[in-house]
Amino acid sequence: MGLEEKLPSGVLLTTVEGVAGYMRKASFWPATFGLACCAIEMMTTGAPRYDLARFGMEVFRASPRQADLMIVAGRVSQKMAPVLRQIYDQMAEPKWVLAMGVCASSGGMFNNYAIVQGVDHIVPVDMYLPGCPPRPEMLIDAILKLHDQVQHTKLGVNRLAEIEAHEEVALNALPTSQLEGPDEVSDPVNDQAPDQPDSSQADLEQVDASAQTAREVIGVRRGMFGVSDAGDTSGYGGLVTPTVMPQASEGPFGGWLDEVANALREAVDEASLGDAIEKIVVHRGEITFFIRREQLLAVAKLLRDEEALRFEFCAGVNGVHYLEDEGRELHAVYHLLSMTHNRRIRLEVTCPDADPHIPSVVSVYPTNDWHEREAFDFFGIIFDGHPALTRIQMPDDWPGHPQRKDYPLGGIDVEYKGGTVPSPDKRRSYN
């Protein structure tokens, strides 16, 4: 018979590890922060309907120094990563991390330059929870599984031996990038016989001739996603779409569009700006003035100050990259509003990749300050005369400009439970 038979009633025997695990699992205090839509589900889990307090998680702590569980609820951006790591470092030991949802676990559908491809690149993760977003029941289930893990966590030298064993298993696991699949994937679109003519030239010849006269065709896009160096698994590999630029519209345009166009032409002539207006395009009831970049600042002042125009507000500038538009690959589009006359117009300015300079209009429209910084950050357009042209979202030392069409997909390999998911530029394409 064991020692238990000789003990009085009301006495239990256990181990120090068992007691410590029981106390820890029954008193989780999560840190209070959320990153994206998963955080809404996390909040719901703590509300009366699901009552997370039943499991010893009565309150989310506002201070990381009073928390021992980090629930990473949502995607983690490159700029948020050091903040998240700082919160983790401030949490007291022992502490645990739960990656909630696919974005926190592996980057999810945001496999791009801005999002960390799995929070396990920043902090060690104890529990991965799939879903987009996972429901409160799923989060509770993951927490209960984490409870079981904490309950059986070893202490001291036993813990060190357990960690070494887990690392050995992870290192010996076969990465997913090395798993064998089909020997060859046929591509009916891209697999062409050697004697066939170049498909891009053939596609250009297929574009309707009348369309070429009405619009300027600058290129042809093949497939749904623009990538053509791998197998087609989407069914859209045969799609052929011409890339066109609108030609100049002939007046009269109708209504107040003619008033604005005539007033701007007269103001440009009086200011001796010559051919500042390259062309005027009217499409779907909206008017766009293509302005030569050398005269942009002067034209912007006329649009703001002339009584017949009075476009007092610029809502911002958008960058566009037309890789096939040779000599004018970069476009900057300005959206103007006349609060006096309740009218909206657009200005469009182009510059080549080799000389990506456009005058800043911040001196005329101060609201463009951060918009020009964003266009510089993502497209590489240099706005001459800007008071502080620095990156606004990407780190200062980030190579390249991520929204340009020639920017590589890039990314980093995603490490997950000993396996590796290749970054986008190493995967099979979907067309």
# chains A, B, ... in the order shown; residues from 1 in each chain; ligands from 1
call {"tool": "select_by_dssp", "arguments": {"residues": "stretch 39-125 of chain A", "states": "alpha helix (DSSP H)", "output": "PyMOL selection string"}}
result
chain A and resi 39-46+81-90+101-106
call {"tool": "residues_around", "arguments": {"residues": "stretch 70-75 of chain A", "least_positions_apart": "2", "cutoff": "7 Å", "atoms": "only C-alpha atoms", "output": "ChimeraX atom specification"}}
result
/A:30-31,34-39,68,77,96-101,103-104,107,115
call {"tool": "closest_residue", "arguments": {"among": "A:Lys95, A:His121, A:Lys25, A:Arg310", "to": "A:Ala81", "atoms": "only C-alpha atoms"}}
result
A:His121
call {"tool": "residues_around", "arguments": {"residues": "A:Leu273", "least_positions_apart": "4", "cutoff": "9 Å", "atoms": "only C-alpha atoms", "output": "PyMOL selection string"}}
result
chain A and resi 267-269+277+295+298-299
call {"tool": "residues_around", "arguments": {"residues": "A:Gly254", "least_positions_apart": "4", "cutoff": "10 Å", "atoms": "only C-alpha atoms", "output": "MDAnalysis selection string"}}
result
chainID A and resid 258:259 285
call {"tool": "write_last_selection", "arguments": {"atoms": "C-alpha atoms", "output": "short mmCIF file (atom, residue, chain, number, x, y, z; two decimals), in the first residue's frame"}}
result
data_model
loop_
_atom_site.label_atom_id
_atom_site.label_comp_id
_atom_site.auth_asym_id
_atom_site.auth_seq_id
_atom_site.Cartn_x
_atom_site.Cartn_y
_atom_site.Cartn_z
CA ASP A 258 -16.88 73.85 -70.05
CA GLU A 259 -16.88 76.79 -67.61
CA GLY A 285 -18.89 62.96 -66.11
#
call {"tool": "atom_distance", "arguments": {"atom1": "atom CA of A:Asp325", "atom2": "atom CA of A:Asn111"}}
result
28.0 Å
call {"tool": "atom_distance", "arguments": {"atom1": "atom CA of A:Leu7", "atom2": "atom CA of A:Gln151"}}
result
25.2 Å
call {"tool": "closest_residue", "arguments": {"among": "A:Gly108, A:Pro387, A:Pro356, A:Pro94", "to": "A:Asn368", "atoms": "only C-alpha atoms"}}
result
A:Pro387
call {"tool": "closest_residue", "arguments": {"among": "A:Val244, A:Ile392, A:Leu144, A:Met109", "to": "A:Trp370", "atoms": "only C-alpha atoms"}}
result
A:Ile392
call {"tool": "residues_around", "arguments": {"residues": "stretch 47-60 of chain A", "least_positions_apart": "2", "cutoff": "6 Å", "atoms": "only C-alpha atoms", "output": "MDAnalysis selection string"}}
result
chainID A and resid 26:32 44:45
call {"tool": "select_by_dssp", "arguments": {"residues": "stretch 251-317 of chain A", "states": "strand (DSSP E)", "output": "ChimeraX atom specification"}}
result
/A:277-283,286-291,313-317
call {"tool": "write_last_selection", "arguments": {"atoms": "all heavy atoms", "output": "compact mmCIF listing (two decimals), in the first residue's frame"}}
result
# COMPACT_ATOMS: atom_id res chain seq x y z
N ILE A 277 -1.21 73.03 -70.13
CA ILE A 277 -2.24 72.00 -70.17
C ILE A 277 -1.93 71.06 -71.34
O ILE A 277 -2.03 71.45 -72.50
CB ILE A 277 -3.65 72.60 -70.33
CG1 ILE A 277 -3.92 73.59 -69.20
CG2 ILE A 277 -4.70 71.50 -70.35
CD1 ILE A 277 -5.25 74.32 -69.32
N GLU A 278 -1.54 69.82 -71.04
CA GLU A 278 -1.24 68.86 -72.10
C GLU A 278 -2.51 68.40 -72.80
O GLU A 278 -2.58 68.38 -74.04
CB GLU A 278 -0.52 67.64 -71.51
CG GLU A 278 0.89 67.91 -71.04
CD GLU A 278 1.57 66.65 -70.55
OE1 GLU A 278 0.88 65.61 -70.43
OE2 GLU A 278 2.77 66.69 -70.31
N LYS A 279 -3.51 68.02 -72.02
CA LYS A 279 -4.78 67.59 -72.59
C LYS A 279 -5.83 67.59 -71.50
O LYS A 279 -5.52 67.67 -70.30
CB LYS A 279 -4.67 66.20 -73.22
CG LYS A 279 -4.33 65.08 -72.23
CD LYS A 279 -4.24 63.73 -72.94
CE LYS A 279 -3.86 62.61 -71.96
NZ LYS A 279 -3.77 61.29 -72.62
N ILE A 280 -7.08 67.54 -71.93
CA ILE A 280 -8.23 67.48 -71.01
C ILE A 280 -9.00 66.21 -71.33
O ILE A 280 -9.33 65.95 -72.49
CB ILE A 280 -9.14 68.71 -71.16
CG1 ILE A 280 -8.35 70.00 -70.90
CG2 ILE A 280 -10.33 68.62 -70.21
CD1 ILE A 280 -9.15 71.27 -71.15
N VAL A 281 -9.28 65.42 -70.31
CA VAL A 281 -10.00 64.16 -70.49
C VAL A 281 -11.28 64.22 -69.67
O VAL A 281 -11.24 64.48 -68.46
CB VAL A 281 -9.15 62.96 -70.04
CG1 VAL A 281 -9.97 61.67 -70.12
CG2 VAL A 281 -7.88 62.85 -70.89
N VAL A 282 -12.40 63.97 -70.32
CA VAL A 282 -13.70 63.87 -69.65
C VAL A 282 -14.18 62.44 -69.78
O VAL A 282 -14.33 61.92 -70.89
CB VAL A 282 -14.73 64.85 -70.25
CG1 VAL A 282 -16.08 64.66 -69.58
CG2 VAL A 282 -14.25 66.28 -70.10
N HIS A 283 -14.38 61.81 -68.64
CA HIS A 283 -14.79 60.40 -68.64
C HIS A 283 -15.80 60.20 -67.52
O HIS A 283 -15.54 60.53 -66.35
CB HIS A 283 -13.57 59.50 -68.44
CG HIS A 283 -13.87 58.03 -68.47
ND1 HIS A 283 -14.44 57.41 -69.57
CD2 HIS A 283 -13.69 57.06 -67.55
CE1 HIS A 283 -14.59 56.13 -69.32
NE2 HIS A 283 -14.16 55.89 -68.10
N GLU A 286 -16.61 63.13 -65.24
CA GLU A 286 -15.53 63.71 -64.45
C GLU A 286 -14.45 64.24 -65.37
O GLU A 286 -14.15 63.64 -66.40
CB GLU A 286 -14.96 62.67 -63.48
CG GLU A 286 -15.99 62.12 -62.51
CD GLU A 286 -15.40 61.05 -61.60
OE1 GLU A 286 -14.25 60.62 -61.86
OE2 GLU A 286 -16.08 60.64 -60.65
N ILE A 287 -13.84 65.35 -64.97
CA ILE A 287 -12.86 66.01 -65.81
C ILE A 287 -11.48 65.95 -65.17
O ILE A 287 -11.32 66.14 -63.96
CB ILE A 287 -13.27 67.48 -66.07
CG1 ILE A 287 -12.36 68.11 -67.13
CG2 ILE A 287 -13.30 68.30 -64.79
CD1 ILE A 287 -12.89 69.43 -67.66
N THR A 288 -10.48 65.65 -66.00
CA THR A 288 -9.09 65.56 -65.56
C THR A 288 -8.23 66.44 -66.47
O THR A 288 -8.31 66.32 -67.70
CB THR A 288 -8.57 64.11 -65.61
OG1 THR A 288 -9.41 63.28 -64.80
CG2 THR A 288 -7.14 64.04 -65.12
N PHE A 289 -7.42 67.29 -65.87
CA PHE A 289 -6.49 68.14 -66.60
C PHE A 289 -5.08 67.56 -66.46
O PHE A 289 -4.57 67.43 -65.34
CB PHE A 289 -6.50 69.57 -66.05
CG PHE A 289 -7.81 70.29 -66.22
CD1 PHE A 289 -8.79 70.21 -65.24
CD2 PHE A 289 -8.07 71.03 -67.37
CE1 PHE A 289 -10.00 70.86 -65.40
CE2 PHE A 289 -9.29 71.68 -67.53
CZ PHE A 289 -10.25 71.60 -66.55
N PHE A 290 -4.48 67.19 -67.59
CA PHE A 290 -3.10 66.74 -67.60
C PHE A 290 -2.20 67.98 -67.69
O PHE A 290 -2.26 68.73 -68.67
CB PHE A 290 -2.84 65.79 -68.76
CG PHE A 290 -3.37 64.40 -68.54
CD1 PHE A 290 -4.74 64.14 -68.61
CD2 PHE A 290 -2.51 63.35 -68.23
CE1 PHE A 290 -5.23 62.86 -68.39
CE2 PHE A 290 -3.00 62.07 -68.01
CZ PHE A 290 -4.36 61.83 -68.08
N ILE A 291 -1.37 68.17 -66.66
CA ILE A 291 -0.55 69.38 -66.54
C ILE A 291 0.91 69.01 -66.66
O ILE A 291 1.36 68.00 -66.09
CB ILE A 291 -0.81 70.08 -65.18
CG1 ILE A 291 -2.30 70.33 -64.98
CG2 ILE A 291 -0.02 71.37 -65.10
CD1 ILE A 291 -2.93 71.26 -66.00
N PHE A 313 -9.43 73.58 -51.96
CA PHE A 313 -9.05 72.41 -51.17
C PHE A 313 -8.51 71.31 -52.09
O PHE A 313 -9.12 70.98 -53.10
CB PHE A 313 -10.25 71.88 -50.40
CG PHE A 313 -9.99 70.63 -49.60
CD1 PHE A 313 -9.13 70.65 -48.51
CD2 PHE A 313 -10.58 69.43 -49.95
CE1 PHE A 313 -8.88 69.50 -47.78
CE2 PHE A 313 -10.33 68.28 -49.23
CZ PHE A 313 -9.48 68.32 -48.14
N CYS A 314 -7.35 70.75 -51.70
CA CYS A 314 -6.80 69.58 -52.38
C CYS A 314 -6.88 68.40 -51.42
O CYS A 314 -6.28 68.42 -50.32
CB CYS A 314 -5.35 69.82 -52.80
SG CYS A 314 -4.60 68.41 -53.66
N ALA A 315 -7.62 67.38 -51.80
CA ALA A 315 -7.84 66.23 -50.92
C ALA A 315 -6.64 65.31 -50.85
O ALA A 315 -6.62 64.40 -50.02
CB ALA A 315 -9.06 65.44 -51.39
N GLY A 316 -5.63 65.52 -51.70
CA GLY A 316 -4.44 64.68 -51.63
C GLY A 316 -3.92 64.34 -53.01
O GLY A 316 -4.48 64.75 -54.04
N VAL A 317 -2.83 63.59 -53.03
CA VAL A 317 -2.22 63.15 -54.28
C VAL A 317 -2.03 61.64 -54.22
O VAL A 317 -1.64 61.09 -53.20
CB VAL A 317 -0.87 63.87 -54.53
CG1 VAL A 317 0.09 63.65 -53.37
CG2 VAL A 317 -0.24 63.39 -55.83
call {"tool": "atom_distance", "arguments": {"atom1": "atom CA of A:Ile381", "atom2": "atom CA of A:Val76"}}
result
27.3 Å
call {"tool": "residues_around", "arguments": {"residues": "A:Asp305", "least_positions_apart": "2", "cutoff": "12 Å", "atoms": "only C-alpha atoms", "output": "list in words"}}
result
Ala263, Leu264, Ala267, Ala298, Val299, Ala300, Lys301, Leu302, Leu303, Glu307, Ala308, Leu309, Arg310, Phe311, Glu312, Phe313, Ser338, Thr340, Val364 and Tyr365 of chain A
call {"tool": "decode", "arguments": {"residues": "stretch 376-408 of chain A", "atoms": "N, CA and C atoms", "output": "tab-separated table (two decimals), in the first residue's frame"}}
result
chain	number	residue	atom	x	y	z
A	376	PHE	N	5.89	59.52	-52.22
A	376	PHE	CA	7.34	59.32	-52.29
A	376	PHE	C	7.72	57.97	-51.70
A	377	ASP	N	7.12	57.63	-50.58
A	377	ASP	CA	7.43	56.39	-49.88
A	377	ASP	C	7.11	55.18	-50.74
A	378	PHE	N	5.93	55.15	-51.34
A	378	PHE	CA	5.46	53.96	-52.05
A	378	PHE	C	5.82	53.93	-53.53
A	379	PHE	N	6.02	55.10	-54.16
A	379	PHE	CA	6.26	55.11	-55.60
A	379	PHE	C	7.61	55.72	-55.98
A	380	GLY	N	8.26	56.41	-55.05
A	380	GLY	CA	9.56	57.00	-55.37
A	380	GLY	C	9.48	58.32	-56.09
A	381	ILE	N	8.31	58.96	-56.11
A	381	ILE	CA	8.20	60.29	-56.73
A	381	ILE	C	8.82	61.32	-55.79
A	382	ILE	N	9.78	62.08	-56.27
A	382	ILE	CA	10.46	63.09	-55.46
A	382	ILE	C	9.77	64.43	-55.69
A	383	PHE	N	9.18	64.97	-54.64
A	383	PHE	CA	8.45	66.24	-54.74
A	383	PHE	C	9.40	67.37	-54.34
A	384	ASP	N	9.93	68.04	-55.35
A	384	ASP	CA	10.89	69.11	-55.11
A	384	ASP	C	10.24	70.27	-54.37
A	385	GLY	N	10.91	70.75	-53.32
A	385	GLY	CA	10.39	71.86	-52.54
A	385	GLY	C	9.55	71.44	-51.35
A	386	HIS	N	9.37	70.13	-51.16
A	386	HIS	CA	8.62	69.68	-49.99
A	386	HIS	C	9.38	70.01	-48.72
A	387	PRO	N	8.70	70.46	-47.66
A	387	PRO	CA	9.42	70.89	-46.45
A	387	PRO	C	10.14	69.76	-45.72
A	388	ALA	N	9.70	68.53	-45.84
A	388	ALA	CA	10.35	67.41	-45.13
A	388	ALA	C	9.98	66.11	-45.81
A	389	LEU	N	10.59	65.84	-46.95
A	389	LEU	CA	10.23	64.66	-47.74
A	389	LEU	C	10.95	63.44	-47.19
A	390	THR	N	10.29	62.74	-46.28
A	390	THR	CA	10.82	61.51	-45.70
A	390	THR	C	9.75	60.43	-45.81
A	391	ARG	N	10.16	59.20	-45.63
A	391	ARG	CA	9.20	58.09	-45.65
A	391	ARG	C	8.18	58.27	-44.53
A	392	ILE	N	6.97	57.80	-44.79
A	392	ILE	CA	5.89	58.00	-43.82
A	392	ILE	C	5.40	56.68	-43.23
A	393	GLN	N	5.60	55.57	-43.93
A	393	GLN	CA	5.14	54.28	-43.43
A	393	GLN	C	6.25	53.25	-43.37
A	394	MET	N	7.07	53.16	-44.41
A	394	MET	CA	8.14	52.18	-44.40
A	394	MET	C	9.34	52.73	-43.63
A	395	PRO	N	10.18	51.84	-43.07
A	395	PRO	CA	11.40	52.31	-42.40
A	395	PRO	C	12.29	53.10	-43.34
A	396	ASP	N	13.07	54.01	-42.79
A	396	ASP	CA	13.90	54.89	-43.62
A	396	ASP	C	14.89	54.12	-44.47
A	397	ASP	N	15.34	52.97	-44.02
A	397	ASP	CA	16.34	52.22	-44.77
A	397	ASP	C	15.72	51.11	-45.63
A	398	TRP	N	14.39	51.18	-45.86
A	398	TRP	CA	13.72	50.14	-46.66
A	398	TRP	C	14.15	50.27	-48.12
A	399	PRO	N	14.61	49.18	-48.74
A	399	PRO	CA	15.03	49.27	-50.14
A	399	PRO	C	13.84	49.28	-51.09
A	400	GLY	N	13.83	50.24	-52.02
A	400	GLY	CA	12.79	50.29	-53.04
A	400	GLY	C	11.51	50.93	-52.57
A	401	HIS	N	10.51	50.91	-53.47
A	401	HIS	CA	9.23	51.56	-53.21
A	401	HIS	C	8.13	50.54	-53.51
A	402	PRO	N	7.42	50.07	-52.49
A	402	PRO	CA	6.64	48.83	-52.58
A	402	PRO	C	5.45	48.83	-53.54
A	403	GLN	N	4.89	49.97	-53.92
A	403	GLN	CA	3.71	49.93	-54.78
A	403	GLN	C	4.04	50.14	-56.25
A	404	ARG	N	5.30	50.15	-56.58
A	404	ARG	CA	5.67	50.20	-57.99
A	404	ARG	C	5.45	48.83	-58.63
A	405	LYS	N	5.14	48.82	-59.90
A	405	LYS	CA	4.85	47.57	-60.59
A	405	LYS	C	6.11	46.70	-60.73
A	406	ASP	N	7.29	47.29	-60.69
A	406	ASP	CA	8.51	46.50	-60.82
A	406	ASP	C	9.08	46.09	-59.48
A	407	TYR	N	8.33	46.35	-58.39
A	407	TYR	CA	8.81	45.95	-57.07
A	407	TYR	C	8.60	44.46	-56.89
A	408	PRO	N	9.62	43.70	-56.49
A	408	PRO	CA	9.45	42.25	-56.35
A	408	PRO	C	8.51	41.91	-55.21
